>>> print(open('coords_22.txt').read())   # compact mmCIF, C-alpha atoms
# COMPACT_ATOMS: atom_id res chain seq x y z
CA MET A 1 46.03 -1.00 -93.58
CA LEU A 2 42.27 -1.55 -93.54
CA ASP A 3 41.56 0.15 -90.21
CA ASN A 4 40.84 3.67 -91.52
CA LEU A 5 38.35 2.95 -94.26
CA SER A 6 36.34 5.55 -96.11
CA THR A 7 32.71 4.88 -96.99
CA HIS A 8 33.75 4.30 -100.60
CA HIS A 9 36.27 1.65 -99.58
CA ILE A 10 33.75 -0.03 -97.29
CA TYR A 11 31.31 -0.46 -100.18
CA ILE A 12 34.07 -1.93 -102.35
CA LEU A 13 34.79 -4.41 -99.56
CA PHE A 14 31.08 -5.27 -99.41
CA ILE A 15 31.12 -6.11 -103.12
CA ILE A 16 34.26 -8.23 -102.76
CA MET A 17 32.68 -9.99 -99.78
CA ALA A 18 29.53 -10.74 -101.77
CA LEU A 19 31.49 -12.14 -104.70
CA CYS A 20 33.59 -14.31 -102.38
CA GLU A 21 30.50 -15.61 -100.60
CA ILE A 22 28.85 -16.50 -103.90
CA LEU A 23 32.03 -18.27 -105.04
CA THR A 24 32.06 -20.11 -101.69
CA GLN A 25 28.50 -21.33 -102.14
CA PHE A 26 29.20 -22.46 -105.70
CA SER A 27 32.43 -24.20 -104.63
CA PHE A 28 30.83 -26.06 -101.74
CA LYS A 29 27.97 -27.16 -103.99
CA GLN A 30 30.46 -28.49 -106.54
CA ALA A 31 32.48 -30.13 -103.76
CA ALA A 32 29.40 -31.96 -102.50
CA GLU A 33 28.62 -33.24 -106.00
CA ASP A 34 32.25 -34.33 -106.54
CA SER A 35 32.82 -35.93 -103.14
CA LYS A 36 34.41 -39.12 -104.52
CA ASN A 37 37.87 -37.58 -104.95
CA SER A 38 40.26 -37.70 -102.00
CA PHE A 39 41.40 -34.12 -102.70
CA ASN A 40 38.53 -31.90 -103.64
CA LYS A 41 39.71 -28.61 -105.16
CA PHE A 42 36.24 -27.05 -104.88
CA TYR A 43 36.19 -27.65 -101.13
CA PHE A 44 39.63 -26.04 -100.82
CA ILE A 45 38.55 -23.03 -102.92
CA GLY A 46 35.41 -22.69 -100.78
CA LEU A 47 37.46 -22.65 -97.58
CA ILE A 48 39.74 -19.94 -98.94
CA THR A 49 36.91 -17.72 -100.17
CA ILE A 50 34.85 -18.03 -96.98
CA ASN A 51 37.89 -17.03 -94.98
CA ILE A 52 38.41 -14.00 -97.22
CA THR A 53 34.73 -13.09 -96.80
CA TYR A 54 34.81 -13.13 -93.02
CA PHE A 55 38.23 -11.48 -92.81
CA LEU A 56 36.77 -8.53 -94.73
CA TYR A 57 33.62 -8.70 -92.58
CA TYR A 58 35.82 -8.41 -89.49
CA LYS A 59 37.65 -5.41 -90.96
CA ILE A 60 34.36 -3.65 -91.71
CA ILE A 61 33.07 -4.37 -88.20
CA ARG A 62 36.21 -2.73 -86.78
CA THR A 63 35.12 0.57 -88.36
CA GLY A 64 32.57 0.91 -85.56
CA LYS A 65 29.48 0.76 -87.73
CA HIS A 66 26.40 -1.00 -86.38
CA LEU A 67 26.56 -4.75 -86.85
CA SER A 68 22.93 -4.91 -87.98
CA VAL A 69 23.61 -2.35 -90.73
CA ILE A 70 26.74 -4.16 -91.91
CA HIS A 71 24.87 -7.46 -91.96
CA ALA A 72 21.91 -5.98 -93.88
CA ILE A 73 24.13 -4.39 -96.52
CA HIS A 74 26.21 -7.55 -96.96
CA HIS A 75 23.23 -9.84 -97.47
CA THR A 76 21.39 -7.37 -99.67
CA ILE A 77 24.38 -7.20 -102.01
CA VAL A 78 24.67 -11.01 -102.02
CA LEU A 79 20.98 -11.41 -102.81
CA LEU A 80 21.09 -8.84 -105.61
CA ALA A 81 24.23 -10.39 -107.12
CA ILE A 82 22.67 -13.86 -107.07
CA THR A 83 19.46 -12.49 -108.60
CA LEU A 84 21.30 -10.70 -111.40
CA GLY A 85 23.52 -13.71 -112.04
CA SER A 86 20.53 -16.03 -112.16
CA PHE A 87 18.77 -13.70 -114.58
CA TYR A 88 21.71 -13.15 -116.96
CA ILE A 89 23.51 -16.50 -116.71
CA PHE A 90 20.66 -18.98 -116.19
CA ASN A 91 17.79 -17.01 -117.79
CA GLN A 92 15.70 -17.30 -114.64
CA LYS A 93 12.86 -14.80 -114.58
CA LEU A 94 11.32 -13.08 -111.57
CA ASN A 95 7.60 -12.71 -111.08
CA PHE A 96 5.93 -9.47 -110.02
CA TYR A 97 6.01 -10.27 -106.28
CA GLN A 98 9.70 -11.21 -106.36
CA ILE A 99 10.55 -7.94 -108.11
CA LEU A 100 8.42 -6.05 -105.59
CA ALA A 101 10.21 -7.82 -102.72
CA LEU A 102 13.64 -6.90 -104.14
CA ILE A 103 12.59 -3.27 -104.47
CA GLY A 104 11.36 -3.37 -100.88
CA LEU A 105 14.64 -4.92 -99.78
CA ILE A 106 16.66 -2.18 -101.48
CA ILE A 107 14.47 0.55 -99.98
CA SER A 108 14.59 -1.03 -96.50
CA THR A 109 18.35 -1.44 -96.57
CA SER A 110 18.74 2.16 -97.77
CA VAL A 111 16.57 3.45 -94.92
CA ILE A 112 18.53 1.42 -92.36
CA THR A 113 21.85 2.81 -93.64
CA MET A 114 20.81 6.45 -94.02
CA ASN A 115 22.14 7.65 -90.66
CA GLU A 116 25.00 5.18 -90.49
CA TYR A 117 27.20 6.22 -93.40
>>> encode(input="coords_22.txt", output="structure tokens")
Amino acid sequence: MLDNLSTHHIYILFIIMALCEILTQFSFKQAAEDSKNSFNKFYFIGLITINITYFLYYKIIRTGKHLSVIHAIHHTIVLLAITLGSFYIFNQKLNFYQILALIGLIISTSVITMNEY
């Protein structure tokens, strides 16, 4: 089903992977703070979402693309999603150097992927 992926579908999977990884990090953080319960729903949710993330990662790797490119795209999307979420949800501001670094990250990831996709 996921073996013959178009570039468009791969990018959709990257976005789903990023959202699942962010949910995993949030869930594990909540699980650590609520560690007194014998059954911790946040830990369970984190396990499910991390498995979804790396299942999709495996499917993207099977497309034959370079692992370094896949890894760079995945973590760039995660970083941008966390940055946007922090800005809009938590009102956290970025300074000039952080904005410059994000622009550099986007440009660098774009250059790395130019000949791959």
>>> residues_near_point(input="coords_22.txt", point="(33.3, -17.2, -105.7)", cutoff="12 Å", atoms="only C-alpha atoms", output="PyMOL selection string")
chain A and resi 15-30+42-53+78+81-82
>>> atom_distance(input="coords_22.txt", atom1="CA of Leu79 (chain A)", atom2="CA of Gly104 (chain A)")
12.7 Å
>>> atom_distance(input="coords_22.txt", atom1="CA of His71 (chain A)", atom2="CA of Tyr58 (chain A)")
11.3 Å
>>> atom_distance(input="coords_22.txt", atom1="CA of Ile106 (chain A)", atom2="CA of Thr83 (chain A)")
12.8 Å
>>> closest_residue(input="coords_22.txt", among="A:Asn115, A:His8, A:Phe14, A:Asn91", to="His66 (chain A)", atoms="only C-alpha atoms")
A:Asn115
>>> residues_around(input="coords_22.txt", residues="Tyr11 (chain A)", least_positions_apart="4", cutoff="12 Å", atoms="only C-alpha atoms", output="list of chain:residue names")
A:Leu5, A:Ser6, A:Thr7, A:Ile15, A:Ile16, A:Met17, A:Ala18, A:Leu56, A:Tyr57, A:Ile60, A:Ile70, A:Ile73, A:His74, A:Ile77, A:Thr113, A:Tyr117
>>> closest_residue(input="coords_22.txt", among="A:Ala32, A:Leu105, A:Leu94, A:Ile89", to="Thr76 (chain A)", atoms="all atoms listed in the file")
A:Leu105
>>> residues_around(input="coords_22.txt", residues="Ile103 (chain A)", least_positions_apart="5", cutoff="12 Å", atoms="only C-alpha atoms", output="number ranges by chain")
A: 76, 79-80, 96-98, 108-110
>>> build_atoms(input="coords_22.txt", residues="region 11-22 of chain A", atoms="all heavy atoms", output="PDB file, keeping the file's coordinate frame")
ATOM      1  N   TYR A  11      32.222   0.108 -99.186  1.00  0.00           N
ATOM      2  CA  TYR A  11      31.310  -0.460-100.180  1.00  0.00           C
ATOM      3  C   TYR A  11      32.050  -1.372-101.169  1.00  0.00           C
ATOM      4  O   TYR A  11      31.506  -2.380-101.611  1.00  0.00           O
ATOM      5  CB  TYR A  11      30.524   0.630-100.910  1.00  0.00           C
ATOM      6  CG  TYR A  11      29.383   1.158-100.073  1.00  0.00           C
ATOM      7  CD1 TYR A  11      29.374   2.448 -99.596  1.00  0.00           C
ATOM      8  CD2 TYR A  11      28.319   0.320 -99.746  1.00  0.00           C
ATOM      9  CE1 TYR A  11      28.332   2.914 -98.816  1.00  0.00           C
ATOM     10  CE2 TYR A  11      27.271   0.774 -98.965  1.00  0.00           C
ATOM     11  CZ  TYR A  11      27.287   2.072 -98.503  1.00  0.00           C
ATOM     12  OH  TYR A  11      26.256   2.513 -97.725  1.00  0.00           O
ATOM     13  N   ILE A  12      33.265  -1.036-101.497  1.00  0.00           N
ATOM     14  CA  ILE A  12      34.070  -1.930-102.350  1.00  0.00           C
ATOM     15  C   ILE A  12      34.303  -3.253-101.630  1.00  0.00           C
ATOM     16  O   ILE A  12      34.194  -4.331-102.236  1.00  0.00           O
ATOM     17  CB  ILE A  12      35.386  -1.253-102.762  1.00  0.00           C
ATOM     18  CG1 ILE A  12      35.107  -0.109-103.729  1.00  0.00           C
ATOM     19  CG2 ILE A  12      36.354  -2.275-103.387  1.00  0.00           C
ATOM     20  CD1 ILE A  12      36.308   0.759-104.043  1.00  0.00           C
ATOM     21  N   LEU A  13      34.604  -3.188-100.335  1.00  0.00           N
ATOM     22  CA  LEU A  13      34.790  -4.410 -99.560  1.00  0.00           C
ATOM     23  C   LEU A  13      33.510  -5.231 -99.502  1.00  0.00           C
ATOM     24  O   LEU A  13      33.557  -6.460 -99.553  1.00  0.00           O
ATOM     25  CB  LEU A  13      35.294  -4.096 -98.155  1.00  0.00           C
ATOM     26  CG  LEU A  13      36.713  -3.558 -98.051  1.00  0.00           C
ATOM     27  CD1 LEU A  13      37.084  -3.305 -96.585  1.00  0.00           C
ATOM     28  CD2 LEU A  13      37.708  -4.490 -98.697  1.00  0.00           C
ATOM     29  N   PHE A  14      32.365  -4.560 -99.396  1.00  0.00           N
ATOM     30  CA  PHE A  14      31.080  -5.270 -99.410  1.00  0.00           C
ATOM     31  C   PHE A  14      30.910  -6.046-100.718  1.00  0.00           C
ATOM     32  O   PHE A  14      30.447  -7.185-100.710  1.00  0.00           O
ATOM     33  CB  PHE A  14      29.910  -4.305 -99.239  1.00  0.00           C
ATOM     34  CG  PHE A  14      29.582  -3.953 -97.819  1.00  0.00           C
ATOM     35  CD1 PHE A  14      29.504  -2.636 -97.424  1.00  0.00           C
ATOM     36  CD2 PHE A  14      29.327  -4.942 -96.878  1.00  0.00           C
ATOM     37  CE1 PHE A  14      29.186  -2.297 -96.122  1.00  0.00           C
ATOM     38  CE2 PHE A  14      29.009  -4.624 -95.578  1.00  0.00           C
ATOM     39  CZ  PHE A  14      28.942  -3.294 -95.196  1.00  0.00           C
ATOM     40  N   ILE A  15      31.256  -5.443-101.827  1.00  0.00           N
ATOM     41  CA  ILE A  15      31.120  -6.110-103.120  1.00  0.00           C
ATOM     42  C   ILE A  15      32.067  -7.299-103.213  1.00  0.00           C
ATOM     43  O   ILE A  15      31.678  -8.386-103.658  1.00  0.00           O
ATOM     44  CB  ILE A  15      31.335  -5.109-104.268  1.00  0.00           C
ATOM     45  CG1 ILE A  15      30.189  -4.091-104.282  1.00  0.00           C
ATOM     46  CG2 ILE A  15      31.448  -5.816-105.612  1.00  0.00           C
ATOM     47  CD1 ILE A  15      30.415  -2.897-105.181  1.00  0.00           C
ATOM     48  N   ILE A  16      33.302  -7.116-102.766  1.00  0.00           N
ATOM     49  CA  ILE A  16      34.260  -8.230-102.760  1.00  0.00           C
ATOM     50  C   ILE A  16      33.761  -9.356-101.861  1.00  0.00           C
ATOM     51  O   ILE A  16      33.839 -10.535-102.219  1.00  0.00           O
ATOM     52  CB  ILE A  16      35.659  -7.748-102.338  1.00  0.00           C
ATOM     53  CG1 ILE A  16      36.221  -6.779-103.366  1.00  0.00           C
ATOM     54  CG2 ILE A  16      36.609  -8.936-102.135  1.00  0.00           C
ATOM     55  CD1 ILE A  16      37.469  -6.043-102.910  1.00  0.00           C
ATOM     56  N   MET A  17      33.232  -8.990-100.693  1.00  0.00           N
ATOM     57  CA  MET A  17      32.680  -9.990 -99.780  1.00  0.00           C
ATOM     58  C   MET A  17      31.551 -10.773-100.442  1.00  0.00           C
ATOM     59  O   MET A  17      31.483 -12.000-100.324  1.00  0.00           O
ATOM     60  CB  MET A  17      32.133  -9.320 -98.503  1.00  0.00           C
ATOM     61  CG  MET A  17      33.176  -8.891 -97.526  1.00  0.00           C
ATOM     62  SD  MET A  17      32.489  -7.890 -96.169  1.00  0.00           S
ATOM     63  CE  MET A  17      31.108  -8.832 -95.616  1.00  0.00           C
ATOM     64  N   ALA A  18      30.664 -10.078-101.121  1.00  0.00           N
ATOM     65  CA  ALA A  18      29.530 -10.740-101.770  1.00  0.00           C
ATOM     66  C   ALA A  18      30.014 -11.708-102.847  1.00  0.00           C
ATOM     67  O   ALA A  18      29.540 -12.846-102.928  1.00  0.00           O
ATOM     68  CB  ALA A  18      28.588  -9.704-102.373  1.00  0.00           C
ATOM     69  N   LEU A  19      30.965 -11.271-103.655  1.00  0.00           N
ATOM     70  CA  LEU A  19      31.490 -12.140-104.700  1.00  0.00           C
ATOM     71  C   LEU A  19      32.180 -13.371-104.113  1.00  0.00           C
ATOM     72  O   LEU A  19      32.013 -14.489-104.613  1.00  0.00           O
ATOM     73  CB  LEU A  19      32.438 -11.368-105.611  1.00  0.00           C
ATOM     74  CG  LEU A  19      31.799 -10.259-106.445  1.00  0.00           C
ATOM     75  CD1 LEU A  19      32.866  -9.473-107.200  1.00  0.00           C
ATOM     76  CD2 LEU A  19      30.756 -10.825-107.393  1.00  0.00           C
ATOM     77  N   CYS A  20      32.928 -13.169-103.034  1.00  0.00           N
ATOM     78  CA  CYS A  20      33.590 -14.310-102.380  1.00  0.00           C
ATOM     79  C   CYS A  20      32.569 -15.263-101.777  1.00  0.00           C
ATOM     80  O   CYS A  20      32.735 -16.483-101.861  1.00  0.00           O
ATOM     81  CB  CYS A  20      34.545 -13.812-101.288  1.00  0.00           C
ATOM     82  SG  CYS A  20      36.087 -13.158-101.919  1.00  0.00           S
ATOM     83  N   GLU A  21      31.511 -14.730-101.185  1.00  0.00           N
ATOM     84  CA  GLU A  21      30.500 -15.610-100.600  1.00  0.00           C
ATOM     85  C   GLU A  21      29.771 -16.412-101.682  1.00  0.00           C
ATOM     86  O   GLU A  21      29.479 -17.596-101.491  1.00  0.00           O
ATOM     87  CB  GLU A  21      29.496 -14.821 -99.770  1.00  0.00           C
ATOM     88  CG  GLU A  21      28.541 -15.724 -99.045  1.00  0.00           C
ATOM     89  CD  GLU A  21      27.751 -15.033 -97.960  1.00  0.00           C
ATOM     90  OE1 GLU A  21      28.254 -14.079 -97.345  1.00  0.00           O
ATOM     91  OE2 GLU A  21      26.614 -15.474 -97.712  1.00  0.00           O
ATOM     92  N   ILE A  22      29.488 -15.783-102.800  1.00  0.00           N
ATOM     93  CA  ILE A  22      28.850 -16.500-103.900  1.00  0.00           C
ATOM     94  C   ILE A  22      29.773 -17.582-104.439  1.00  0.00           C
ATOM     95  O   ILE A  22      29.340 -18.713-104.690  1.00  0.00           O
ATOM     96  CB  ILE A  22      28.428 -15.510-105.008  1.00  0.00           C
ATOM     97  CG1 ILE A  22      27.290 -14.624-104.500  1.00  0.00           C
ATOM     98  CG2 ILE A  22      28.012 -16.245-106.273  1.00  0.00           C
ATOM     99  CD1 ILE A  22      27.028 -13.408-105.356  1.00  0.00           C
TER     100      ILE A  22
END
